[in-house]
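A.B. asks: First the structure, then my questions, so here it is.
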Amino acid sequence: MPNRPHRLHDLLRLPFRLGRVLWTADPGDAYRLLTFQSRLTARIQRWNGREEFRDLGSGLVTNVGVLALANDYAWSAQLNLATLATQNFHATGTGTTAAAATDIALQTLAAPTTATAVTGTQSLVSAANSQTYRSSATVNYTSTLAITEWGLHSLATLSSTTGSPFTAASATSWTDTGSAQTASSATVRGLQQTIVVPGTTAVYGLNLSNTVHVGTIPAWYKTADGTAGSTPGATETFAIKPVLWDHKVFAALNVNNGDSVTYTYSVLCQSGG
Amino acid sequence: MEASMSDELTQHAVIRTLTLPHTPDGQIEHFAEHGQSLGMRPNEHPATTYAPGHTVFLTPSQAAEYMASGHVAPAGCEDAGRMIARAQAEDLGLLESPPASGPSGELTTEVDRAE
């Protein structure tokens, strides 16, 4: 059985709307689902100087985000590649499908973040019993758009096909064409904190380490539902993408050329469990 | 012009601290409401600074420029860690620097010679 907080069951509903009595099979101490509580806000500076503010609500920490987090013990400490340390690159787009924990990229990237995300400013917001990681970035729009999605990434470059296509693939590795990668180590990032996304098979792999020719992943996971995926074909094209930590889809935020929007992302890390 | 997804970006390791603008040439095209181009304007997005050891994806012209200046290791480099150490030693005056105007790959040759 997966190691997860036990479900709480309604045992008794009290009359007069006094509440419920709950029961759990968990012999331990956790009594709630432990999650990250994220929130995204947007401060809009219109081209004519007018200011607006929107609370875009909670985001959705992704499966690939927590996969990267679970490997924090192994990422290069010398390069400060801990997951939240790398998660500082903001991009926005025009996709409208609801965000899901299985997302690995934005749906439709929009200018000026079609290829390169905007670098944010990171901070710790620490208060009694409330510890929050925050990243904030300003996107200066250059055209008329209905912005409907936002994502936080581990790298500014949102996609690269360097070394594509594969020349081999296994359950835990892939091999590029032409030895086009820079070998990773304790002092060289290489492909650490990125994912490899095959062009045909709908799976992804988290790049744990790499030589100039071969990337090592823990497994392939389906982009549809996060379950175990099949090994991609040995000659498929592929793209290298950053780890998407959080993805938020919201009601259209209409912008015009000259508008700037400062996105502030906060994630509250809860204790317990 | 803004770099598009189809631009050929190749992976490099940073050897010396490098600051890159949001777009390769530091400009970005602006558009009016109906799609009419308003021309290229300086890109106002903050540049991203990369420390030695980190990864950058560069266009061919960027790669040529920064390899020549010893700021990045060529794609496919296996010994970027040694190149970083050597660059730090050079910057501290502990080693003689390679010729400033050397062609791309000069740094690799120097490392090879040192071995």
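Quick note on naming: the chains in the structure tokens go A, B, ... in the order shown, residues restart at 1 in each chain, and ligands are numbered from 1 in order of appearance.
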Give me, as a PDB file with C-alpha atoms, in the first residue's frame, the contact residues of chain B against chain A at a cut-off of 7 Å, counting only C-alpha atoms.

C.D. replies:
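The result, stored in iface.pdb:
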```
ATOM      1  CA  ALA B   3      14.263  33.366 -29.853  1.00  0.00           C
ATOM      2  CA  SER B   4      11.731  30.822 -31.036  1.00  0.00           C
ATOM      3  CA  MET B   5      11.349  27.182 -30.113  1.00  0.00           C
ATOM      4  CA  LEU B   9      19.882  25.948 -28.857  1.00  0.00           C
ATOM      5  CA  THR B  10      22.807  23.889 -27.683  1.00  0.00           C
ATOM      6  CA  GLN B  11      23.746  23.009 -24.132  1.00  0.00           C
ATOM      7  CA  HIS B  12      26.862  24.507 -22.574  1.00  0.00           C
ATOM      8  CA  ALA B  13      28.425  24.578 -19.117  1.00  0.00           C
ATOM      9  CA  HIS B  22      16.134  37.565 -21.916  1.00  0.00           C
ATOM     10  CA  HIS B  30       6.154  44.800 -29.936  1.00  0.00           C
ATOM     11  CA  PHE B  31       2.691  44.504 -31.487  1.00  0.00           C
ATOM     12  CA  ALA B  32      -0.407  46.702 -31.514  1.00  0.00           C
ATOM     13  CA  GLU B  33      -3.843  45.309 -30.716  1.00  0.00           C
ATOM     14  CA  HIS B  45      13.190  41.846 -18.862  1.00  0.00           C
ATOM     15  CA  PRO B  46      15.934  41.245 -16.335  1.00  0.00           C
ATOM     16  CA  THR B  48      19.757  35.988 -16.006  1.00  0.00           C
ATOM     17  CA  GLY B  53      28.966  24.983 -13.373  1.00  0.00           C
ATOM     18  CA  HIS B  54      25.436  25.908 -14.351  1.00  0.00           C
ATOM     19  CA  THR B  55      23.868  25.101 -17.709  1.00  0.00           C
ATOM     20  CA  PHE B  57      21.369  26.890 -23.820  1.00  0.00           C
ATOM     21  CA  ALA B  75      28.657  21.259 -25.976  1.00  0.00           C
ATOM     22  CA  GLY B  76      29.689  17.680 -25.341  1.00  0.00           C
ATOM     23  CA  CYS B  77      32.470  18.681 -22.964  1.00  0.00           C
ATOM     24  CA  GLU B  78      33.390  15.983 -20.439  1.00  0.00           C
ATOM     25  CA  ALA B  80      33.911  21.163 -17.620  1.00  0.00           C
ATOM     26  CA  GLY B  81      34.731  20.790 -13.920  1.00  0.00           C
TER      27      GLY B  81
END
```

A.B. asks: To test your reading of the structure, identify every residue in stretch 9-91 of chain A that backbone DSSP assigns to alpha helix (DSSP H), and report it as a list in words.

C.D. replies: Asn63, Val64, Gly65, Val66, Leu67, Ala68, Leu69, Ala70, Thr83, Leu84, Ala85 and Thr86 of chain A

A.B. asks: Keeping only N, CA and C atoms, write the selected residues as a tab-separated table (two decimals), in the first residue's frame.

C.D. replies:
```tsv
chain	number	residue	atom	x	y	z
A	63	ASN	N	3.41	16.49	-10.14
A	63	ASN	CA	4.06	15.21	-9.85
A	63	ASN	C	5.56	15.30	-10.11
A	64	VAL	N	5.93	15.91	-11.23
A	64	VAL	CA	7.36	15.99	-11.55
A	64	VAL	C	8.07	16.91	-10.57
A	65	GLY	N	7.35	17.89	-10.04
A	65	GLY	CA	7.94	18.78	-9.04
A	65	GLY	C	8.31	18.03	-7.77
A	66	VAL	N	7.40	17.21	-7.28
A	66	VAL	CA	7.69	16.48	-6.05
A	66	VAL	C	8.67	15.33	-6.31
A	67	LEU	N	8.69	14.83	-7.54
A	67	LEU	CA	9.72	13.83	-7.88
A	67	LEU	C	11.10	14.46	-7.76
A	68	ALA	N	11.25	15.66	-8.30
A	68	ALA	CA	12.54	16.38	-8.18
A	68	ALA	C	12.86	16.67	-6.72
A	69	LEU	N	11.84	17.02	-5.96
A	69	LEU	CA	12.04	17.33	-4.53
A	69	LEU	C	12.53	16.10	-3.77
A	70	ALA	N	11.97	14.94	-4.09
A	70	ALA	CA	12.37	13.72	-3.40
A	70	ALA	C	13.82	13.35	-3.70
A	83	THR	N	15.57	21.63	-5.14
A	83	THR	CA	14.44	21.89	-6.03
A	83	THR	C	13.90	23.32	-5.95
A	84	LEU	N	13.59	23.79	-4.74
A	84	LEU	CA	13.04	25.14	-4.66
A	84	LEU	C	14.08	26.19	-5.00
A	85	ALA	N	15.35	25.85	-4.84
A	85	ALA	CA	16.41	26.81	-5.22
A	85	ALA	C	16.39	27.04	-6.73
A	86	THR	N	16.08	26.00	-7.50
A	86	THR	CA	16.09	26.16	-8.96
A	86	THR	C	14.75	26.71	-9.48
```

A.B. asks: Near B:Ala73, counting only C-alpha atoms, which residues have an atom at most 9 Å away, once you skip same-chain residues fewer than 6 positions from it, shown as a ChimeraX atom specification?

C.D. replies: /A:182 /B:12-15,63,66-67,79-80,83-84,105,107-108

A.B. asks: Record the distance separating atom CA of B:His34 and atom CA of A:Leu253, expressed in Å with one decimal.

C.D. replies: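 Result for atom CA of B:His34 versus atom CA of A:Leu253: 17.8 Å, one decimal.
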
A.B. asks: In terms of the shortest atom-to-atom distance over only C-alpha atoms, which of A:Thr148, A:Thr262, A:Asn210, A:Ser164 is closest to A:Glu236?

C.D. replies: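 Closest to A:Glu236 of all the choices is A:Ser164.
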
A.B. asks: Hey, what's within 8 Å of B:Arg16 if we count only C-alpha atoms and toss same-chain stuff fewer than 2 positions away? As a PyMOL selection string, please?

C.D. replies: chain B and resi 14+18+51-52+70-72+84+87-88

A.B. asks: Please produce an output containing C-alpha atoms for each residue in the selection, written as a compact mmCIF listing (two decimals), in the first residue's frame.

C.D. replies:
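Listed below is the output, result_31.txt:
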```txt
# COMPACT_ATOMS: atom_id res chain seq x y z
CA VAL B 14 29.29 27.98 -17.67
CA LEU B 18 27.83 34.84 -17.41
CA ALA B 51 27.34 30.88 -12.03
CA PRO B 52 30.19 28.55 -13.02
CA GLY B 70 36.29 31.45 -22.15
CA HIS B 71 32.88 31.88 -20.52
CA VAL B 72 31.36 28.55 -21.54
CA ILE B 84 36.10 25.75 -14.19
CA ALA B 87 39.54 29.39 -15.05
CA GLN B 88 39.33 30.19 -11.34
```

A.B. asks: Taking the backbone alone, and naming residues the way the document does, which bits of stretch 40-125 of chain A are strand (DSSP E) by DSSP, as a list in words?

C.D. replies: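 Written out, the strand (DSSP E) residues of stretch 40-125 of chain A are Leu40, Thr41, Ala42, Arg43, Ile44, Gln45, Glu51, Glu52, Phe53, Arg54, Asp55, Leu56, Gly57, Phe89, His90, Ala91, Thr92, Gly93, Val118, Thr119, Thr121, Gln122, Ser123, Leu124 and Val125 of chain A.
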
A.B. asks: Near B:Thr19, within 8 Å and counting only C-alpha atoms, which residues show up once chain neighbours fewer than 3 positions away are dropped, as a list in words?

C.D. replies: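 What passes the distance filter is Ala47, Thr48, Thr49 and Tyr50 of chain B.
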
A.B. asks: Write a file of the just-selected residues containing N, CA, C and O atoms, as a PDB file, in the first residue's frame.

C.D. replies:
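New file out_1.pdb:
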```pdb
ATOM      1  N   ALA B  47      18.063  40.390 -17.018  1.00  0.00           N
ATOM      2  CA  ALA B  47      18.975  39.371 -17.518  1.00  0.00           C
ATOM      3  C   ALA B  47      19.098  38.267 -16.469  1.00  0.00           C
ATOM      4  O   ALA B  47      18.771  38.460 -15.303  1.00  0.00           O
ATOM      5  N   THR B  48      19.537  37.110 -16.926  1.00  0.00           N
ATOM      6  CA  THR B  48      19.757  35.988 -16.006  1.00  0.00           C
ATOM      7  C   THR B  48      21.255  35.768 -15.853  1.00  0.00           C
ATOM      8  O   THR B  48      21.979  35.708 -16.847  1.00  0.00           O
ATOM      9  N   THR B  49      21.695  35.670 -14.609  1.00  0.00           N
ATOM     10  CA  THR B  49      23.112  35.444 -14.340  1.00  0.00           C
ATOM     11  C   THR B  49      23.341  33.972 -14.002  1.00  0.00           C
ATOM     12  O   THR B  49      22.608  33.390 -13.198  1.00  0.00           O
ATOM     13  N   TYR B  50      24.324  33.394 -14.651  1.00  0.00           N
ATOM     14  CA  TYR B  50      24.651  31.981 -14.469  1.00  0.00           C
ATOM     15  C   TYR B  50      26.023  31.866 -13.809  1.00  0.00           C
ATOM     16  O   TYR B  50      26.995  32.447 -14.279  1.00  0.00           O
TER      17      TYR B  50
END
```

A.B. asks: Near A:His153, within 9 Å and counting only C-alpha atoms, which residues show up once chain neighbours fewer than 6 positions away are dropped, as a PyMOL selection string?

C.D. replies: chain A and resi 86-91+105+117+242-246

A.B. asks: Quick one: distance from atom CA of A:Thr235 to atom CA of A:Leu208 in Å, one decimal?

C.D. replies: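 If I compute the distance from atom CA of A:Thr235 to atom CA of A:Leu208, I get 21.3 Å.
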
A.B. asks: Name the residues in contact with A:Leu56 at a cut-off of 7 Å, using only C-alpha atoms, excluding same-chain residues fewer than 3 positions from it; report them as a PyMOL selection string.

C.D. replies: chain A and resi 40-42+250

A.B. asks: Could you dump the residues just selected with all heavy atoms as a PDB file, in the first residue's frame?

C.D. replies:
```pdb
ATOM      1  N   LEU A  40      -1.047  32.225  -5.979  1.00  0.00           N
ATOM      2  CA  LEU A  40      -0.482  33.075  -7.022  1.00  0.00           C
ATOM      3  C   LEU A  40      -1.267  34.376  -7.094  1.00  0.00           C
ATOM      4  O   LEU A  40      -2.495  34.366  -7.145  1.00  0.00           O
ATOM      5  CB  LEU A  40      -0.562  32.354  -8.377  1.00  0.00           C
ATOM      6  CG  LEU A  40       0.018  33.090  -9.580  1.00  0.00           C
ATOM      7  CD1 LEU A  40       1.537  33.234  -9.433  1.00  0.00           C
ATOM      8  CD2 LEU A  40      -0.303  32.341 -10.867  1.00  0.00           C
ATOM      9  N   THR A  41      -0.550  35.486  -7.069  1.00  0.00           N
ATOM     10  CA  THR A  41      -1.200  36.786  -7.225  1.00  0.00           C
ATOM     11  C   THR A  41      -0.590  37.521  -8.419  1.00  0.00           C
ATOM     12  O   THR A  41       0.543  37.223  -8.823  1.00  0.00           O
ATOM     13  CB  THR A  41      -1.052  37.658  -5.967  1.00  0.00           C
ATOM     14  OG1 THR A  41       0.340  37.932  -5.759  1.00  0.00           O
ATOM     15  CG2 THR A  41      -1.637  36.981  -4.748  1.00  0.00           C
ATOM     16  N   ALA A  42      -1.353  38.459  -8.951  1.00  0.00           N
ATOM     17  CA  ALA A  42      -0.874  39.235 -10.105  1.00  0.00           C
ATOM     18  C   ALA A  42      -1.138  40.719  -9.858  1.00  0.00           C
ATOM     19  O   ALA A  42      -2.285  41.104  -9.567  1.00  0.00           O
ATOM     20  CB  ALA A  42      -1.588  38.781 -11.378  1.00  0.00           C
ATOM     21  N   PHE A 250      -6.227  29.963 -15.028  1.00  0.00           N
ATOM     22  CA  PHE A 250      -7.156  30.904 -14.389  1.00  0.00           C
ATOM     23  C   PHE A 250      -7.985  31.643 -15.438  1.00  0.00           C
ATOM     24  O   PHE A 250      -7.695  31.568 -16.641  1.00  0.00           O
ATOM     25  CB  PHE A 250      -6.375  31.906 -13.528  1.00  0.00           C
ATOM     26  CG  PHE A 250      -5.120  32.436 -14.175  1.00  0.00           C
ATOM     27  CD1 PHE A 250      -5.160  33.500 -15.042  1.00  0.00           C
ATOM     28  CD2 PHE A 250      -3.887  31.846 -13.908  1.00  0.00           C
ATOM     29  CE1 PHE A 250      -4.007  33.981 -15.639  1.00  0.00           C
ATOM     30  CE2 PHE A 250      -2.718  32.323 -14.498  1.00  0.00           C
ATOM     31  CZ  PHE A 250      -2.787  33.394 -15.369  1.00  0.00           C
TER      32      PHE A 250
END
```
